[in-house]
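This is data04.txt. It holds compact mmCIF, C-alpha atoms.
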# COMPACT_ATOMS: atom_id res chain seq x y z
CA MET A 1 0.00 0.00 0.00
CA ALA A 2 1.42 3.29 -1.08
CA ALA A 3 2.32 5.67 1.67
CA PHE A 4 0.52 8.99 1.71
CA MET A 5 2.67 12.08 1.75
CA MET A 6 1.51 14.38 4.49
CA LEU A 7 1.34 18.04 3.43
CA PRO A 8 2.14 20.70 6.01
CA PRO A 9 -1.02 22.33 7.37
CA ARG A 10 -1.92 25.71 5.94
CA PRO A 11 -1.60 28.61 8.36
CA ARG A 12 -4.98 29.51 9.77
CA LYS A 13 -6.21 33.00 8.88
CA ASP A 14 -7.54 35.23 11.58
CA ARG A 15 -11.32 35.41 11.56
CA VAL A 16 -12.57 38.85 10.67
CA PHE A 17 -16.27 39.50 11.17
CA ARG A 18 -17.98 41.66 8.58
CA GLY A 19 -17.81 45.32 9.42
CA THR A 20 -15.74 45.04 12.60
CA ILE A 21 -12.59 46.77 11.28
CA SER A 22 -12.23 50.29 12.69
CA HIS A 23 -10.83 52.76 10.19
CA LEU A 24 -10.30 55.27 12.97
CA THR A 25 -7.20 53.39 14.11
CA ASN A 26 -5.88 52.44 10.66
CA LEU A 27 -6.19 55.75 8.79
CA ASN A 28 -4.76 59.19 9.41
CA ASP A 29 -6.89 62.35 9.46
CA ASP A 30 -6.38 63.16 5.79
CA GLU A 31 -7.44 59.66 4.75
CA LEU A 32 -10.43 59.81 7.07
CA ARG A 33 -11.56 63.14 5.62
CA ARG A 34 -11.36 61.80 2.10
CA ARG A 35 -13.71 58.99 3.11
CA TYR A 36 -15.89 60.49 5.84
CA ARG A 37 -15.32 64.29 5.56
CA PHE A 38 -14.30 64.48 9.21
CA GLY A 39 -11.07 63.84 11.08
CA LYS A 40 -10.63 61.39 13.94
CA ASP A 41 -11.39 63.88 16.73
CA SER A 42 -14.50 65.18 14.97
CA ILE A 43 -15.83 61.66 14.38
CA ALA A 44 -15.31 60.92 18.06
CA TYR A 45 -17.17 64.15 18.84
CA LEU A 46 -20.09 63.05 16.66
CA CYS A 47 -20.14 59.65 18.35
CA ASN A 48 -20.34 61.25 21.78
CA LEU A 49 -23.01 63.64 20.54
CA LEU A 50 -25.21 60.81 19.23
CA GLN A 51 -24.33 58.19 21.82
CA ASP A 52 -27.67 58.13 23.63
CA ARG A 53 -29.69 58.04 20.41
CA LEU A 54 -27.71 55.33 18.61
CA SER A 55 -26.68 52.94 21.38
CA ARG A 56 -27.98 49.41 20.82
CA HIS A 57 -29.61 48.13 24.01
CA THR A 58 -28.58 44.51 23.51
CA ASN A 59 -25.94 42.10 24.77
CA LYS A 60 -25.13 40.77 21.29
CA ALA A 61 -21.41 40.91 20.57
CA THR A 62 -22.07 41.64 16.92
CA ALA A 63 -24.35 44.65 17.52
CA LEU A 64 -23.18 47.75 15.71
CA THR A 65 -21.36 50.28 17.84
CA VAL A 66 -22.13 53.99 17.66
CA GLU A 67 -18.80 54.52 15.89
CA GLN A 68 -19.68 51.98 13.20
CA GLN A 69 -23.10 53.53 12.64
CA VAL A 70 -21.69 57.04 12.37
CA CYS A 71 -18.99 55.93 9.92
CA ILE A 72 -21.51 54.11 7.71
CA ALA A 73 -23.75 57.16 7.52
CA LEU A 74 -20.86 59.58 6.94
CA ARG A 75 -19.57 57.36 4.14
CA PHE A 76 -23.00 57.46 2.50
CA TYR A 77 -23.35 61.24 2.86
CA ALA A 78 -19.81 61.86 1.62
CA SER A 79 -19.86 59.57 -1.43
CA GLY A 80 -23.48 59.52 -2.54
CA SER A 81 -22.95 55.91 -3.63
CA PHE A 82 -25.60 53.20 -3.73
CA LEU A 83 -26.37 51.54 -0.43
CA GLN A 84 -25.16 48.25 -1.89
CA VAL A 85 -21.80 49.81 -2.78
CA ILE A 86 -21.42 51.28 0.72
CA GLY A 87 -22.22 47.88 2.21
CA ASP A 88 -19.73 46.05 -0.01
CA THR A 89 -17.05 48.65 0.73
CA LEU A 90 -17.41 48.58 4.50
CA GLY A 91 -18.52 44.96 4.86
CA TYR A 92 -22.20 45.27 5.74
CA ASP A 93 -25.44 44.07 4.24
CA LYS A 94 -27.42 46.55 2.15
CA GLY A 95 -30.35 46.36 4.56
CA THR A 96 -28.05 47.16 7.48
CA VAL A 97 -26.67 50.20 5.69
CA SER A 98 -30.19 51.42 4.92
CA ARG A 99 -31.31 51.12 8.54
CA VAL A 100 -28.17 52.77 9.87
CA VAL A 101 -28.42 55.73 7.48
CA SER A 102 -32.03 56.21 8.53
CA ASP A 103 -31.17 55.99 12.25
CA VAL A 104 -28.24 58.41 12.05
CA THR A 105 -30.24 60.84 9.92
CA ASP A 106 -33.07 60.82 12.46
CA ALA A 107 -30.59 61.33 15.30
CA LEU A 108 -29.04 64.35 13.57
CA ILE A 109 -32.47 65.82 12.89
CA ASP A 110 -33.28 65.42 16.60
CA ILE A 111 -30.38 67.74 17.50
CA LYS A 112 -30.89 70.13 14.58
CA ASP A 113 -32.07 73.00 16.76
CA ASP A 114 -28.78 72.89 18.68
CA PHE A 115 -26.78 73.64 15.52
CA VAL A 116 -29.16 75.26 13.01
CA SER A 117 -31.04 78.05 14.76
CA TRP A 118 -32.19 81.57 13.98
CA PRO A 119 -30.30 84.23 15.98
CA THR A 120 -32.45 85.72 18.70
CA ASP A 121 -30.06 86.97 21.39
CA VAL A 122 -28.43 90.39 21.06
CA ASP A 123 -24.84 89.10 20.98
CA SER A 124 -25.50 86.67 18.11
CA ILE A 125 -27.46 89.26 16.15
CA ASN A 126 -24.74 91.91 16.55
CA ARG A 127 -21.99 89.43 15.64
CA ILE A 128 -23.74 88.51 12.39
CA LYS A 129 -24.51 92.13 11.50
CA CYS A 130 -20.89 93.09 12.11
CA GLY A 131 -19.57 90.16 10.10
CA PHE A 132 -21.61 91.03 7.03
CA TYR A 133 -20.72 94.72 7.31
CA ARG A 134 -17.00 94.00 7.55
CA GLN A 135 -17.18 91.78 4.47
CA CYS A 136 -19.16 93.92 2.04
CA ASN A 137 -20.20 97.13 3.87
CA PHE A 138 -23.87 96.20 3.84
CA PRO A 139 -25.49 97.25 7.14
CA ASN A 140 -27.86 95.33 9.40
CA VAL A 141 -27.84 92.03 7.51
CA LEU A 142 -28.96 88.96 9.47
CA GLY A 143 -28.60 86.43 6.66
CA CYS A 144 -28.82 85.62 2.97
CA ILE A 145 -31.60 83.46 1.57
CA ASP A 146 -31.82 81.26 -1.50
CA CYS A 147 -33.04 77.85 -2.64
CA THR A 148 -31.15 74.91 -4.11
CA HIS A 149 -32.30 71.79 -5.93
CA VAL A 150 -31.38 68.25 -4.84
CA ARG A 151 -31.78 65.72 -7.63
CA ILE A 152 -33.93 62.69 -6.83
CA GLN A 153 -35.20 59.62 -8.61
CA ALA A 154 -38.65 60.11 -10.17
CA PRO A 155 -41.17 59.39 -7.38
CA SER A 156 -44.23 57.26 -8.00
CA ASP A 157 -46.60 59.75 -6.34
CA ASP A 158 -47.27 63.16 -7.91
CA GLU A 159 -44.30 62.74 -10.24
CA PRO A 160 -44.89 65.86 -12.46
CA SER A 161 -44.66 68.27 -9.51
CA TYR A 162 -41.04 67.20 -8.88
CA VAL A 163 -39.85 68.19 -12.38
CA ASN A 164 -38.05 71.53 -12.01
CA ARG A 165 -37.48 74.23 -14.62
CA LYS A 166 -34.29 72.49 -15.76
CA GLY A 167 -36.20 69.32 -16.59
CA TYR A 168 -35.06 66.88 -13.91
CA HIS A 169 -36.72 65.62 -10.73
CA SER A 170 -35.72 67.35 -7.51
CA ILE A 171 -36.75 68.81 -4.21
CA ASN A 172 -36.35 72.56 -3.74
CA VAL A 173 -34.74 73.44 -0.40
CA GLN A 174 -34.71 76.91 1.12
CA ALA A 175 -31.84 77.95 3.37
CA VAL A 176 -30.52 81.04 5.14
CA CYS A 177 -26.88 81.39 6.17
CA ASP A 178 -24.78 83.94 8.04
CA PHE A 179 -21.55 85.64 6.94
CA GLU A 180 -19.48 82.55 7.84
CA GLY A 181 -21.59 80.25 5.68
CA ARG A 182 -23.29 78.73 8.71
CA PHE A 183 -26.91 77.69 8.17
CA THR A 184 -29.37 79.48 10.46
CA ASN A 185 -32.58 78.21 8.88
CA ILE A 186 -33.50 75.23 6.67
CA PHE A 187 -36.87 74.54 5.04
CA ALA A 188 -36.92 71.31 3.01
CA ASN A 189 -40.50 70.43 2.22
CA TRP A 190 -41.31 71.26 -1.41
CA PRO A 191 -41.01 69.51 -4.81
CA GLY A 192 -38.76 70.90 -7.52
CA SER A 193 -41.44 72.73 -9.50
CA THR A 194 -42.27 75.04 -6.57
CA HIS A 195 -41.07 78.62 -6.93
CA ASP A 196 -38.72 80.12 -4.36
CA PRO A 197 -41.07 82.95 -3.24
CA HIS A 198 -43.88 80.50 -2.55
CA ILE A 199 -41.57 78.38 -0.40
CA PHE A 200 -40.58 81.44 1.61
CA ASN A 201 -44.16 82.65 2.04
CA THR A 202 -45.20 79.28 3.48
CA SER A 203 -42.16 78.89 5.74
CA THR A 204 -42.08 79.33 9.49
CA LEU A 205 -39.31 81.91 9.01
CA SER A 206 -41.60 84.15 6.98
CA ASN A 207 -44.31 83.85 9.60
CA TYR A 208 -41.80 84.62 12.37
CA LEU A 209 -40.46 87.72 10.60
CA GLN A 210 -43.92 89.05 9.78
CA THR A 211 -44.95 88.63 13.41
CA ASN A 212 -41.83 89.81 15.23
CA HIS A 213 -39.99 92.16 12.87
CA ARG A 214 -40.09 95.76 14.12
CA GLY A 215 -38.38 97.41 11.17
CA LEU A 216 -34.88 98.05 9.86
CA ILE A 217 -33.41 98.12 13.36
CA ASP A 218 -34.09 94.40 13.72
CA GLY A 219 -32.01 93.62 10.64
CA VAL A 220 -32.84 92.25 7.20
CA ILE A 221 -32.18 89.21 5.06
CA LEU A 222 -31.05 89.55 1.45
CA GLY A 223 -32.66 87.67 -1.43
CA ASP A 224 -32.48 87.73 -5.21
CA SER A 225 -34.95 89.45 -7.52
CA GLY A 226 -37.28 86.44 -7.45
CA TYR A 227 -38.50 87.45 -4.00
CA ALA A 228 -40.80 90.34 -3.18
CA CYS A 229 -39.05 93.30 -1.58
CA ARG A 230 -40.25 93.65 2.03
CA THR A 231 -39.19 95.43 5.18
CA PHE A 232 -37.33 92.34 6.39
CA LEU A 233 -36.22 90.95 2.97
CA LEU A 234 -34.37 93.32 0.64
CA THR A 235 -33.94 92.54 -3.05
CA PRO A 236 -31.92 94.38 -5.74
CA TYR A 237 -33.36 97.18 -7.85
CA ALA A 238 -34.82 95.85 -11.10
CA ASN A 239 -33.70 98.88 -13.14
CA PRO A 240 -31.20 100.97 -11.16
CA THR A 241 -30.84 104.44 -12.67
CA GLU A 242 -29.16 106.47 -9.95
CA ARG A 243 -25.65 105.94 -8.64
CA HIS A 244 -26.71 104.96 -5.12
CA GLN A 245 -29.07 102.33 -6.57
CA GLN A 246 -26.28 100.86 -8.71
CA ARG A 247 -23.91 100.77 -5.73
CA PHE A 248 -26.65 99.18 -3.63
CA ASN A 249 -27.10 96.42 -6.23
CA GLY A 250 -23.37 95.75 -6.42
CA CYS A 251 -22.99 95.53 -2.65
CA HIS A 252 -26.16 93.45 -2.42
CA ALA A 253 -24.82 90.92 -4.95
CA SER A 254 -21.44 90.68 -3.21
CA THR A 255 -23.05 90.14 0.18
CA ARG A 256 -25.65 87.65 -1.00
CA SER A 257 -23.10 85.49 -2.81
CA VAL A 258 -22.22 83.81 0.51
CA ILE A 259 -25.34 81.62 0.31
CA GLU A 260 -24.38 80.40 -3.16
CA ARG A 261 -20.85 79.59 -1.97
CA THR A 262 -22.30 77.80 1.05
CA PHE A 263 -24.49 75.59 -1.14
CA GLY A 264 -21.40 74.78 -3.23
CA ILE A 265 -19.36 73.84 -0.17
CA LEU A 266 -22.21 71.74 1.24
CA LYS A 267 -22.59 69.73 -1.97
CA ARG A 268 -18.85 69.37 -2.40
CA ARG A 269 -18.52 68.01 1.12
CA PHE A 270 -21.55 65.72 0.90
CA HIS A 271 -21.86 64.29 -2.60
CA VAL A 272 -25.17 62.64 -1.75
CA LEU A 273 -26.72 66.10 -2.31
CA HIS A 274 -24.98 66.47 -5.67
CA SER A 275 -25.99 63.13 -7.17
CA GLU A 276 -29.39 61.55 -7.79
CA VAL A 277 -30.68 60.29 -4.44
CA ARG A 278 -32.63 57.05 -4.86
CA MET A 279 -34.94 57.52 -1.92
CA LYS A 280 -38.41 58.86 -1.27
CA PRO A 281 -38.61 62.67 -1.31
CA GLU A 282 -39.41 62.94 2.40
CA LYS A 283 -36.25 60.95 3.25
CA VAL A 284 -34.17 63.17 0.96
CA CYS A 285 -35.49 66.23 2.83
CA ARG A 286 -34.32 64.73 6.11
CA ILE A 287 -30.93 63.83 4.65
CA PHE A 288 -30.47 67.45 3.56
CA GLY A 289 -31.27 68.58 7.10
CA ALA A 290 -28.78 66.07 8.53
CA CYS A 291 -26.07 67.25 6.14
CA ALA A 292 -26.78 70.88 7.11
CA VAL A 293 -26.24 69.96 10.76
CA LEU A 294 -22.96 68.22 9.87
CA HIS A 295 -21.91 71.24 7.79
CA ASN A 296 -22.35 73.57 10.77
CA ILE A 297 -20.50 71.14 13.02
CA ALA A 298 -17.66 71.02 10.50
CA LEU A 299 -17.46 74.82 10.56
CA SER A 300 -17.41 74.95 14.35
CA ARG A 301 -14.63 72.35 14.45
CA ASN A 302 -12.60 73.99 11.66
CA GLU A 303 -12.73 70.99 9.37
CA PRO A 304 -11.28 71.53 5.86
CA LEU A 305 -13.36 72.21 2.72
CA VAL A 306 -14.92 75.33 4.15
CA ASN A 307 -14.78 78.95 3.02
CA ASP A 308 -12.88 80.92 5.66
CA ASP A 309 -13.60 84.38 4.25
CA GLY A 310 -14.78 86.49 7.12
CA ALA A 311 -14.35 83.78 9.76
CA GLY A 312 -13.48 85.10 13.18
CA VAL A 313 -14.68 88.64 12.43
CA ARG A 314 -15.76 90.35 15.64
CA LEU A 315 -16.92 93.88 16.39
CA ASP A 316 -18.32 95.22 19.62
CA GLN A 317 -21.31 96.95 18.04
CA PRO A 318 -22.88 96.86 14.57
CA VAL A 319 -22.96 99.97 12.40
CA GLN A 320 -25.77 102.29 13.38
CA VAL A 321 -28.54 102.66 10.81
CA PRO A 322 -30.56 105.89 11.00
CA THR A 323 -34.15 105.29 11.97
CA PHE A 324 -36.48 105.06 8.99
CA VAL A 325 -39.73 106.90 9.65
CA GLY A 326 -41.27 106.74 6.19
CA VAL A 327 -43.78 104.29 4.77
CA GLN A 328 -42.86 100.89 6.18
CA ASP A 329 -42.68 98.70 3.10
CA GLY A 330 -39.94 96.91 1.22
CA ARG A 331 -39.32 99.44 -1.56
CA ASN A 332 -39.08 102.45 0.77
CA THR A 333 -36.86 100.57 3.21
CA ARG A 334 -34.52 99.60 0.36
CA GLU A 335 -34.41 103.18 -0.93
CA HIS A 336 -33.61 104.45 2.56
CA VAL A 337 -30.67 102.06 2.95
CA ALA A 338 -29.41 102.83 -0.56
CA ARG A 339 -29.48 106.62 -0.06
CA VAL A 340 -27.92 106.58 3.40
CA PHE A 341 -25.07 104.15 2.72
CA PHE A 342 -24.44 104.11 -1.04
CA SER A 343 -24.90 107.71 -2.22
CA ASN A 344 -21.23 108.75 -1.98
This entry written out as structure tokens:
Amino acid sequence: MAAFMMLPPRPRKDRVFRGTISHLTNLNDDELRRRYRFGKDSIAYLCNLLQDRLSRHTNKATALTVEQQVCIALRFYASGSFLQVIGDTLGYDKGTVSRVVSDVTDALIDIKDDFVSWPTDVDSINRIKCGFYRQCNFPNVLGCIDCTHVRIQAPSDDEPSYVNRKGYHSINVQAVCDFEGRFTNIFANWPGSTHDPHIFNTSTLSNYLQTNHRGLIDGVILGDSGYACRTFLLTPYANPTERHQQRFNGCHASTRSVIERTFGILKRRFHVLHSEVRMKPEKVCRIFGACAVLHNIALSRNEPLVNDDGAGVRLDQPVQVPTFVGVQDGRNTREHVARVFFSN
């Protein structure tokens, strides 16, 4: 009987469970930011922030940690890839990725008011007014308003209303930001065919300003010519003929451009808002809100990919605007500001 030759045993490979590898220990900050848009310390900060909302109350050893959930969601927001691709990349099932993204998004929306809030205290209001004035010499500005479209897959319900003027399906999101590009108000609730002025008129911000605004002394927001000129929302002159009107328009455009830059930074940081999101419109609205919260957190923690123009600007008191005693409407308020500050 022939003797069998015994082969040496193969070395046993270490068992690695799906999704248990922590990139926070294997990657440096630059590599983490390329994948998750946040460095190691900021990811740890997010984990601590969402700890109570994301902790799994189970004794299973394979339950996802808060860190794993945050990294899965950040990877989805940052890349805009399919859920299946995110799962294959990080080693999770597609269903797991979907549930985690939903859970983290809901958790971020729960804390939205802590990071995206309208300025109401005197110090915050004066800081914003001073910041805008130092940047472009426009007085008493509280924020700049505009809308942006987020492309979505054609929904099954009320599909025509989501086709915007450029011919693709989207949701139209209204936002206001301060001079640092920090969001102070988000309103994501309307399909792409809805016009910007209608979104503003139905927003809680519009209702708040109409109820509480006492005039120019309380500050104004700047919008483009699509909005109606009002005491609290100044728009450019349609046909400026005098020098102070032309200077007003130029300063108005320079000041208001911060909201357009902020949208660009937001979509560059979180590609999910720049690609076609294959989710229901209401989920896309919540994802935009979650990304806005993360954007403000990134600004507060000095993460890269932000516009630093005007950051750190501080003045003790905003520029004094002479009291306007004329007819309290948008056109007369605009003319008053233009004559007082842009005549020379």
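Excluding Phe263 (chain A) itself and same-chain residues fewer than 3 positions from it, the residues having an atom within 9 Å of it are Cys147, Thr148, Ala175, Gly181, Val258, Ile259, Glu260, Leu266, Lys267 and Arg268 of chain A, counting all atoms listed in the file.
Each of A:Phe200, A:Tyr208, A:Phe183, A:Phe38 was compared to Ala292 (chain A) using only C-alpha atoms, and A:Phe183 turns out to be the nearest.
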(request) Write out as a VMD selection string each polymer residue whose atoms come within 10 Å of Thr194 (chain A), counting all atoms listed in the file; drop sequence neighbours fewer than 2 positions from it. (result) chain A and resid 161 to 165 171 to 173 190 to 192 196 to 199
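If all atoms listed in the file are the atoms counted, then among A:Glu276, A:Glu31, A:Glu282, A:Asp178 the closest residue to Arg151 (chain A) is A:Glu276.
The closest residue to Leu54 (chain A), picked from A:Leu108, A:Ala154, A:Ala290, A:Leu90 and counting all atoms listed in the file, is A:Leu108.
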(message) Let me make sure I understand: among A:Asp110, A:Asp41, A:Asp93, A:Glu180, which one has the smallest atom-to-atom distance to Thr262 (chain A) if we use only C-alpha atoms?
(response) A:Glu180
(message) What does the structure give for the distance between CA of Val66 (chain A) and CA of Arg278 (chain A), in Å to one decimal?
(response) 25.0 Å
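Using all atoms listed in the file for every distance, the candidate list A:Arg33, A:Lys129, A:Arg214, A:Arg182 yields A:Arg182 as the residue closest to Val293 (chain A).
Separating CA of Ile145 (chain A) from CA of Arg339 (chain A) is a distance of 23.3 Å.
One finds CA of Thr65 (chain A) at 26.2 Å from CA of Leu273 (chain A).
Nearest to His274 (chain A) of all the residues A:Ala78, A:Ala107, A:Ile128, A:Ile221 is A:Ala78, counting only C-alpha atoms.
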